[in-house]
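model07.pdb (PDB, C-alpha atoms, pLDDT in the B column) appears below.
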ATOM      1  CA  MET A   1      -9.872  -8.408 -61.159  1.00 52.00           C
ATOM      2  CA  ILE A   2     -11.317  -8.334 -57.637  1.00 56.00           C
ATOM      3  CA  GLU A   3      -8.158  -9.948 -56.312  1.00 56.00           C
ATOM      4  CA  GLU A   4      -6.031  -7.247 -57.987  1.00 57.00           C
ATOM      5  CA  LYS A   5      -8.119  -4.535 -56.332  1.00 54.00           C
ATOM      6  CA  LEU A   6      -7.758  -6.287 -52.979  1.00 49.00           C
ATOM      7  CA  LYS A   7      -3.992  -6.511 -53.453  1.00 53.00           C
ATOM      8  CA  GLU A   8      -3.849  -2.808 -54.342  1.00 64.00           C
ATOM      9  CA  ARG A   9      -6.034  -1.816 -51.405  1.00 76.00           C
ATOM     10  CA  THR A  10      -4.151  -0.314 -48.505  1.00 81.00           C
ATOM     11  CA  LEU A  11      -5.249  -0.450 -44.897  1.00 85.00           C
ATOM     12  CA  THR A  12      -4.495   2.068 -42.162  1.00 85.00           C
ATOM     13  CA  PRO A  13      -3.203   0.937 -38.762  1.00 85.00           C
ATOM     14  CA  GLN A  14      -6.650   1.665 -37.294  1.00 87.00           C
ATOM     15  CA  GLU A  15      -8.252  -0.701 -39.804  1.00 87.00           C
ATOM     16  CA  VAL A  16      -5.607  -3.337 -39.086  1.00 85.00           C
ATOM     17  CA  ARG A  17      -6.287  -3.016 -35.338  1.00 86.00           C
ATOM     18  CA  THR A  18      -9.989  -3.503 -36.020  1.00 88.00           C
ATOM     19  CA  ILE A  19      -9.449  -6.479 -38.310  1.00 87.00           C
ATOM     20  CA  LEU A  20      -7.019  -8.227 -35.972  1.00 87.00           C
ATOM     21  CA  ARG A  21      -8.842  -7.073 -32.830  1.00 87.00           C
ATOM     22  CA  THR A  22      -5.583  -6.086 -31.156  1.00 86.00           C
ATOM     23  CA  ASP A  23      -3.468  -3.100 -30.160  1.00 86.00           C
ATOM     24  CA  ASN A  24      -0.429  -1.462 -31.777  1.00 84.00           C
ATOM     25  CA  LYS A  25       2.025  -3.305 -29.543  1.00 86.00           C
ATOM     26  CA  GLU A  26       0.793  -6.706 -30.677  1.00 87.00           C
ATOM     27  CA  ILE A  27       0.734  -5.557 -34.317  1.00 87.00           C
ATOM     28  CA  VAL A  28       4.405  -4.612 -34.010  1.00 86.00           C
ATOM     29  CA  GLU A  29       5.175  -8.053 -32.544  1.00 87.00           C
ATOM     30  CA  LEU A  30       3.213  -9.759 -35.325  1.00 87.00           C
ATOM     31  CA  CYS A  31       5.069  -7.699 -37.947  1.00 88.00           C
ATOM     32  CA  LYS A  32       8.372  -8.851 -36.474  1.00 88.00           C
ATOM     33  CA  LYS A  33       7.274 -12.499 -36.530  1.00 86.00           C
ATOM     34  CA  ALA A  34       5.881 -12.260 -40.066  1.00 86.00           C
ATOM     35  CA  ASP A  35       8.913 -10.217 -41.234  1.00 86.00           C
ATOM     36  CA  ILE A  36       6.662  -7.426 -42.505  1.00 86.00           C
ATOM     37  CA  ARG A  37       7.783  -3.818 -42.574  1.00 85.00           C
ATOM     38  CA  PRO A  38       4.942  -1.267 -42.604  1.00 81.00           C
ATOM     39  CA  ARG A  39       5.259   1.217 -45.436  1.00 84.00           C
ATOM     40  CA  LYS A  40       4.600   4.950 -45.466  1.00 85.00           C
ATOM     41  CA  ASN A  41       2.861   6.979 -48.145  1.00 84.00           C
ATOM     42  CA  GLU A  42       3.885  10.409 -49.488  1.00 85.00           C
ATOM     43  CA  LYS A  43       2.362  12.133 -46.467  1.00 84.00           C
ATOM     44  CA  GLY A  44       4.264   9.891 -44.040  1.00 82.00           C
ATOM     45  CA  HIS A  45       1.216   7.874 -42.961  1.00 84.00           C
ATOM     46  CA  THR A  46       1.732   4.185 -42.246  1.00 85.00           C
ATOM     47  CA  TYR A  47      -0.244   1.665 -44.281  1.00 85.00           C
ATOM     48  CA  PHE A  48      -0.461  -2.080 -44.877  1.00 85.00           C
ATOM     49  CA  SER A  49      -1.433  -4.013 -47.968  1.00 85.00           C
ATOM     50  CA  TYR A  50      -4.251  -6.519 -47.923  1.00 84.00           C
ATOM     51  CA  ASP A  51      -1.808  -9.420 -48.347  1.00 86.00           C
ATOM     52  CA  GLU A  52       0.272  -8.198 -45.416  1.00 87.00           C
ATOM     53  CA  VAL A  53      -2.811  -8.125 -43.199  1.00 87.00           C
ATOM     54  CA  LYS A  54      -3.667 -11.671 -44.307  1.00 87.00           C
ATOM     55  CA  SER A  55      -0.140 -12.730 -43.308  1.00 87.00           C
ATOM     56  CA  LEU A  56      -0.477 -10.937 -39.984  1.00 87.00           C
ATOM     57  CA  ARG A  57      -3.779 -12.703 -39.365  1.00 88.00           C
ATOM     58  CA  LYS A  58      -2.174 -16.092 -40.061  1.00 89.00           C
ATOM     59  CA  VAL A  59       0.717 -15.327 -37.701  1.00 88.00           C
ATOM     60  CA  GLN A  60      -1.731 -14.143 -35.057  1.00 88.00           C
ATOM     61  CA  ALA A  61      -3.732 -17.346 -35.419  1.00 87.00           C
ATOM     62  CA  ARG A  62      -0.554 -19.400 -35.117  1.00 87.00           C
ATOM     63  CA  VAL A  63       0.570 -17.467 -32.032  1.00 84.00           C
ATOM     64  CA  ASN A  64      -2.824 -17.608 -30.341  1.00 81.00           C
ATOM     65  CA  GLY A  65      -3.499 -21.183 -31.410  1.00 73.00           C
ATOM     66  CA  VAL A  66      -6.747 -20.173 -33.129  1.00 54.00           C
ATOM     67  CA  VAL A  67      -7.896 -21.294 -36.563  1.00 47.00           C
ATOM     68  CA  SER A  68      -7.484 -18.408 -39.025  1.00 43.00           C
ATOM     69  CA  ASN A  69     -10.824 -19.113 -40.688  1.00 45.00           C
ATOM     70  CA  PRO A  70     -13.477 -17.278 -38.643  1.00 44.00           C
ATOM     71  CA  ILE A  71     -16.202 -19.726 -39.743  1.00 41.00           C
ATOM     72  CA  ALA A  72     -15.701 -23.113 -38.150  1.00 41.00           C
ATOM     73  CA  PRO A  73     -15.970 -26.023 -40.550  1.00 40.00           C
ATOM     74  CA  LYS A  74     -19.066 -28.099 -40.115  1.00 42.00           C
ATOM     75  CA  VAL A  75     -18.317 -31.585 -38.889  1.00 41.00           C
ATOM     76  CA  PRO A  76     -20.812 -34.246 -39.837  1.00 43.00           C
ATOM     77  CA  ALA A  77     -22.561 -35.707 -36.848  1.00 45.00           C
ATOM     78  CA  THR A  78     -21.380 -39.253 -36.497  1.00 45.00           C
ATOM     79  CA  VAL A  79     -22.166 -41.674 -33.788  1.00 44.00           C
ATOM     80  CA  GLY A  80     -19.120 -42.851 -31.929  1.00 47.00           C
ATOM     81  CA  SER A  81     -16.424 -41.901 -29.522  1.00 46.00           C
ATOM     82  CA  SER A  82     -14.520 -39.620 -31.910  1.00 51.00           C
ATOM     83  CA  THR A  83     -17.139 -36.873 -31.643  1.00 54.00           C
ATOM     84  CA  SER A  84     -17.293 -37.005 -27.877  1.00 57.00           C
ATOM     85  CA  MET A  85     -13.508 -37.215 -27.694  1.00 62.00           C
ATOM     86  CA  SER A  86     -13.019 -34.163 -29.946  1.00 73.00           C
ATOM     87  CA  SER A  87     -15.614 -32.190 -27.971  1.00 78.00           C
ATOM     88  CA  SER A  88     -13.983 -33.160 -24.684  1.00 81.00           C
ATOM     89  CA  THR A  89     -10.560 -32.093 -25.979  1.00 86.00           C
ATOM     90  CA  ALA A  90     -12.114 -28.857 -27.202  1.00 84.00           C
ATOM     91  CA  ILE A  91     -13.596 -28.286 -23.755  1.00 89.00           C
ATOM     92  CA  LYS A  92     -10.248 -29.063 -22.155  1.00 87.00           C
ATOM     93  CA  ASN A  93      -8.548 -26.623 -24.523  1.00 88.00           C
ATOM     94  CA  ILE A  94     -11.105 -23.950 -23.692  1.00 91.00           C
ATOM     95  CA  LEU A  95     -10.697 -24.546 -19.963  1.00 91.00           C
ATOM     96  CA  SER A  96      -6.911 -24.423 -20.173  1.00 90.00           C
ATOM     97  CA  SER A  97      -7.162 -21.221 -22.232  1.00 91.00           C
ATOM     98  CA  LEU A  98      -9.453 -19.722 -19.597  1.00 93.00           C
ATOM     99  CA  GLN A  99      -7.076 -20.729 -16.810  1.00 93.00           C
ATOM    100  CA  GLU A 100      -4.162 -19.213 -18.727  1.00 92.00           C
ATOM    101  CA  LEU A 101      -6.161 -16.041 -19.275  1.00 93.00           C
ATOM    102  CA  GLU A 102      -7.075 -15.892 -15.594  1.00 94.00           C
ATOM    103  CA  THR A 103      -3.442 -16.336 -14.571  1.00 92.00           C
ATOM    104  CA  LYS A 104      -2.208 -13.689 -16.997  1.00 93.00           C
ATOM    105  CA  LEU A 105      -4.944 -11.292 -15.920  1.00 93.00           C
ATOM    106  CA  SER A 106      -4.271 -11.733 -12.210  1.00 93.00           C
ATOM    107  CA  ASP A 107      -0.525 -11.334 -12.830  1.00 91.00           C
ATOM    108  CA  ARG A 108      -1.105  -8.109 -14.754  1.00 92.00           C
ATOM    109  CA  ILE A 109      -3.457  -6.744 -12.100  1.00 94.00           C
ATOM    110  CA  SER A 110      -1.051  -7.567  -9.272  1.00 90.00           C
ATOM    111  CA  LYS A 111       1.809  -5.993 -11.245  1.00 88.00           C
ATOM    112  CA  VAL A 112      -0.177  -2.785 -11.740  1.00 89.00           C
ATOM    113  CA  ILE A 113      -1.175  -2.682  -8.073  1.00 89.00           C
ATOM    114  CA  ASP A 114       2.430  -3.276  -7.001  1.00 85.00           C
ATOM    115  CA  GLU A 115       3.613  -0.450  -9.261  1.00 83.00           C
ATOM    116  CA  LYS A 116       0.967   1.918  -7.906  1.00 82.00           C
ATOM    117  CA  LEU A 117       1.700   1.033  -4.264  1.00 84.00           C
ATOM    118  CA  GLU A 118       5.487   0.965  -4.702  1.00 80.00           C
ATOM    119  CA  GLY A 119       6.041   4.430  -3.214  1.00 77.00           C
ATOM    120  CA  MET A 120       3.466   4.024  -0.451  1.00 83.00           C
ATOM    121  CA  ASP A 121       5.945   2.416   1.994  1.00 79.00           C
ATOM    122  CA  ASP A 122       8.105   5.538   1.940  1.00 82.00           C
ATOM    123  CA  VAL A 123       5.041   7.731   2.393  1.00 86.00           C
ATOM    124  CA  VAL A 124       3.878   5.719   5.428  1.00 87.00           C
ATOM    125  CA  VAL A 125       7.343   5.869   7.028  1.00 89.00           C
ATOM    126  CA  GLU A 126       7.491   9.633   6.429  1.00 91.00           C
ATOM    127  CA  LEU A 127       3.988  10.048   7.877  1.00 93.00           C
ATOM    128  CA  ILE A 128       4.950   8.143  11.040  1.00 94.00           C
ATOM    129  CA  ARG A 129       8.127  10.225  11.393  1.00 94.00           C
ATOM    130  CA  CYS A 130       6.124  13.448  11.009  1.00 95.00           C
ATOM    131  CA  LYS A 131       3.576  12.268  13.574  1.00 95.00           C
ATOM    132  CA  THR A 132       6.262  11.514  16.174  1.00 95.00           C
ATOM    133  CA  ASP A 133       7.929  14.887  15.444  1.00 96.00           C
ATOM    134  CA  ASN A 134       4.551  16.548  15.919  1.00 96.00           C
ATOM    135  CA  GLU A 135       4.006  14.833  19.275  1.00 96.00           C
ATOM    136  CA  THR A 136       7.525  15.830  20.411  1.00 96.00           C
ATOM    137  CA  LEU A 137       6.890  19.455  19.460  1.00 97.00           C
ATOM    138  CA  LYS A 138       3.524  19.432  21.285  1.00 97.00           C
ATOM    139  CA  GLN A 139       5.290  18.218  24.438  1.00 97.00           C
ATOM    140  CA  LYS A 140       7.940  20.956  24.074  1.00 97.00           C
ATOM    141  CA  ILE A 141       5.162  23.565  23.780  1.00 97.00           C
ATOM    142  CA  VAL A 142       3.577  22.277  27.001  1.00 97.00           C
ATOM    143  CA  ASP A 143       6.952  22.392  28.789  1.00 97.00           C
ATOM    144  CA  LEU A 144       7.692  25.903  27.512  1.00 97.00           C
ATOM    145  CA  ASN A 145       4.231  27.119  28.575  1.00 97.00           C
ATOM    146  CA  LYS A 146       4.942  25.815  32.094  1.00 96.00           C
ATOM    147  CA  GLU A 147       8.301  27.589  32.102  1.00 96.00           C
ATOM    148  CA  VAL A 148       6.706  30.853  30.854  1.00 96.00           C
ATOM    149  CA  TYR A 149       4.093  30.624  33.626  1.00 95.00           C
ATOM    150  CA  GLN A 150       6.827  30.120  36.249  1.00 92.00           C
ATOM    151  CA  LEU A 151       8.893  33.016  34.879  1.00 92.00           C
ATOM    152  CA  LYS A 152       5.847  35.314  34.848  1.00 92.00           C
ATOM    153  CA  ASN A 153       5.161  34.405  38.466  1.00 89.00           C
ATOM    154  CA  GLU A 154       8.818  35.088  39.308  1.00 88.00           C
ATOM    155  CA  LEU A 155       8.676  38.437  37.489  1.00 89.00           C
ATOM    156  CA  ASN A 156       5.442  39.411  39.237  1.00 87.00           C
ATOM    157  CA  SER A 157       7.069  38.711  42.611  1.00 88.00           C
ATOM    158  CA  TYR A 158       9.301  41.798  42.163  1.00 89.00           C
ATOM    159  CA  ARG A 159       7.836  45.169  43.209  1.00 88.00           C
ATOM    160  CA  PRO A 160       9.380  48.547  42.438  1.00 87.00           C
ATOM    161  CA  VAL A 161      10.778  50.308  45.499  1.00 86.00           C
ATOM    162  CA  GLY A 162      11.973  53.489  43.815  1.00 85.00           C
ATOM    163  CA  LEU A 163      14.994  54.855  42.009  1.00 87.00           C
ATOM    164  CA  GLY A 164      15.042  51.822  39.769  1.00 86.00           C
ATOM    165  CA  PHE A 165      15.297  49.318  42.595  1.00 89.00           C
ATOM    166  CA  TYR A 166      13.058  46.321  43.010  1.00 86.00           C
ATOM    167  CA  LYS A 167      12.317  44.194  46.038  1.00 87.00           C
ATOM    168  CA  LYS A 168      11.317  40.574  45.814  1.00 86.00           C
ATOM    169  CA  LYS A 169       8.055  39.811  47.482  1.00 82.00           C
ATOM    170  CA  GLU A 170       7.886  36.587  49.397  1.00 76.00           C
ATOM    171  CA  VAL A 171       5.974  33.924  47.536  1.00 62.00           C
ATOM    172  CA  TYR A 172       4.364  31.298  49.625  1.00 64.00           C
ATOM    173  CA  VAL A 173       4.184  27.854  48.212  1.00 62.00           C
ATOM    174  CA  TRP A 174       1.317  25.760  49.462  1.00 67.00           C
ATOM    175  CA  GLU A 175       2.325  22.238  50.028  1.00 58.00           C
TER     176      GLU A 175
END

Represent the supplied structure as structure tokens.
Amino acid sequence: MIEEKLKERTLTPQEVRTILRTDNKEIVELCKKADIRPRKNEKGHTYFSYDEVKSLRKVQARVNGVVSNPIAPKVPATVGSSTSMSSSTAIKNILSSLQELETKLSDRISKVIDEKLEGMDDVVVELIRCKTDNETLKQKIVDLNKEVYQLKNELNSYRPVGLGFYKKKEVYVWE
């Protein structure tokens, strides 16, 4: 009777994520591998049956290389090389898993950083171009200020004589 209730029990995607300790993307991949199609209720909400989640857990264990039973079986302590050999292989497996995890993590981080910095090259080039344009315009302003000063001096060298005539006053240049 308990098994019938478990079979009838439906689980939401949130509960499945919690049970499998994973995200929606991996659940979709597991569903593809286990050939399970999530069903929808009358309201359009997705749900899974208990048996489907058990199948997903088995597929996840197979994919991740982890035993599906969360409680490890107790191995009797025997004296001999088989115990030390199995523990050393377990340690090697753990170390290789950690190295794999480290590699995947560093690859993901570098990928994210590359994506974030992808447009920065264009920004730096544009910034350099704007800076050189700014320097060029500053130099033009200096040159134009010199020209304005010279033209004002030239204009001030003319004095009105009368009847709309002007006479140029001699400007002495000190050398």

Quiz item: Evaluating the PyMOL selection byres ((chain A and resi 28) around 12) on the displayed file yields which residues, as an NGL selection string?
Solution: :A and (13 or 16-17 or 22-27 or 29-38 or 56 or 59-60)

Quiz prompt | Interatomic distance, atom CA of A:Lys104 to atom CA of A:Lys54 (Å, one decimal) | solution = 27.4 Å

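Atom CA of A:Glu15 to atom CA of A:Tyr50 spans 10.8 Å [interatomic distance, one decimal].
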
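Between atom CA of A:Leu117 and atom CA of A:Thr103 there is a distance of 20.8 Å.
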
I would like the residues chosen by the PyMOL selection byres ((chain A and resi 137-154) around 12) on the shown file; could you give them as a PDB file with C-alpha atoms, in the coordinates of the input?
ATOM      1  CA  CYS A 130       6.124  13.448  11.009  1.00 95.00           C
ATOM      2  CA  LYS A 131       3.576  12.268  13.574  1.00 95.00           C
ATOM      3  CA  THR A 132       6.262  11.514  16.174  1.00 95.00           C
ATOM      4  CA  ASP A 133       7.929  14.887  15.444  1.00 96.00           C
ATOM      5  CA  ASN A 134       4.551  16.548  15.919  1.00 96.00           C
ATOM      6  CA  GLU A 135       4.006  14.833  19.275  1.00 96.00           C
ATOM      7  CA  THR A 136       7.525  15.830  20.411  1.00 96.00           C
ATOM      8  CA  LEU A 155       8.676  38.437  37.489  1.00 89.00           C
ATOM      9  CA  ASN A 156       5.442  39.411  39.237  1.00 87.00           C
ATOM     10  CA  SER A 157       7.069  38.711  42.611  1.00 88.00           C
ATOM     11  CA  TYR A 158       9.301  41.798  42.163  1.00 89.00           C
ATOM     12  CA  ARG A 159       7.836  45.169  43.209  1.00 88.00           C
ATOM     13  CA  LYS A 167      12.317  44.194  46.038  1.00 87.00           C
ATOM     14  CA  LYS A 168      11.317  40.574  45.814  1.00 86.00           C
ATOM     15  CA  LYS A 169       8.055  39.811  47.482  1.00 82.00           C
ATOM     16  CA  GLU A 170       7.886  36.587  49.397  1.00 76.00           C
ATOM     17  CA  VAL A 171       5.974  33.924  47.536  1.00 62.00           C
ATOM     18  CA  TYR A 172       4.364  31.298  49.625  1.00 64.00           C
ATOM     19  CA  VAL A 173       4.184  27.854  48.212  1.00 62.00           C
TER      20      VAL A 173
END

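Checking A:Ile19, A:Met120, A:Asn64, A:Glu126 one by one against A:Leu101, counting only C-alpha atoms, you find the shortest gap at A:Asn64.
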
Self-check item: Within-12 Å shell of (1.0, 2.5, -45.4) in input frame, only C-alpha atoms, as a ChimeraX atom specification
Solution: /A:8-16,36-50,52-53

Written file, previous selection with C-alpha atoms, as a short mmCIF file (atom, residue, chain, number, x, y, z; two decimals), in the frame of the given file:
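This went into selection_32.cif:
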data_model
loop_
_atom_site.label_atom_id
_atom_site.label_comp_id
_atom_site.auth_asym_id
_atom_site.auth_seq_id
_atom_site.Cartn_x
_atom_site.Cartn_y
_atom_site.Cartn_z
CA GLU A 8 -3.85 -2.81 -54.34
CA ARG A 9 -6.03 -1.82 -51.40
CA THR A 10 -4.15 -0.31 -48.50
CA LEU A 11 -5.25 -0.45 -44.90
CA THR A 12 -4.50 2.07 -42.16
CA PRO A 13 -3.20 0.94 -38.76
CA GLN A 14 -6.65 1.66 -37.29
CA GLU A 15 -8.25 -0.70 -39.80
CA VAL A 16 -5.61 -3.34 -39.09
CA ILE A 36 6.66 -7.43 -42.50
CA ARG A 37 7.78 -3.82 -42.57
CA PRO A 38 4.94 -1.27 -42.60
CA ARG A 39 5.26 1.22 -45.44
CA LYS A 40 4.60 4.95 -45.47
CA ASN A 41 2.86 6.98 -48.14
CA GLU A 42 3.88 10.41 -49.49
CA LYS A 43 2.36 12.13 -46.47
CA GLY A 44 4.26 9.89 -44.04
CA HIS A 45 1.22 7.87 -42.96
CA THR A 46 1.73 4.18 -42.25
CA TYR A 47 -0.24 1.66 -44.28
CA PHE A 48 -0.46 -2.08 -44.88
CA SER A 49 -1.43 -4.01 -47.97
CA TYR A 50 -4.25 -6.52 -47.92
CA GLU A 52 0.27 -8.20 -45.42
CA VAL A 53 -2.81 -8.12 -43.20
#

Take every atom of stretch 39-44 of chain A listed in the file, fit an axis-aligned box around them, add 6 Å per side, and give the centre and edge lengths in Å to one decimal as AutoDock Vina command-line options.
--center_x 3.8 --center_y 6.7 --center_z -46.8 --size_x 14.9 --size_y 22.9 --size_z 17.4
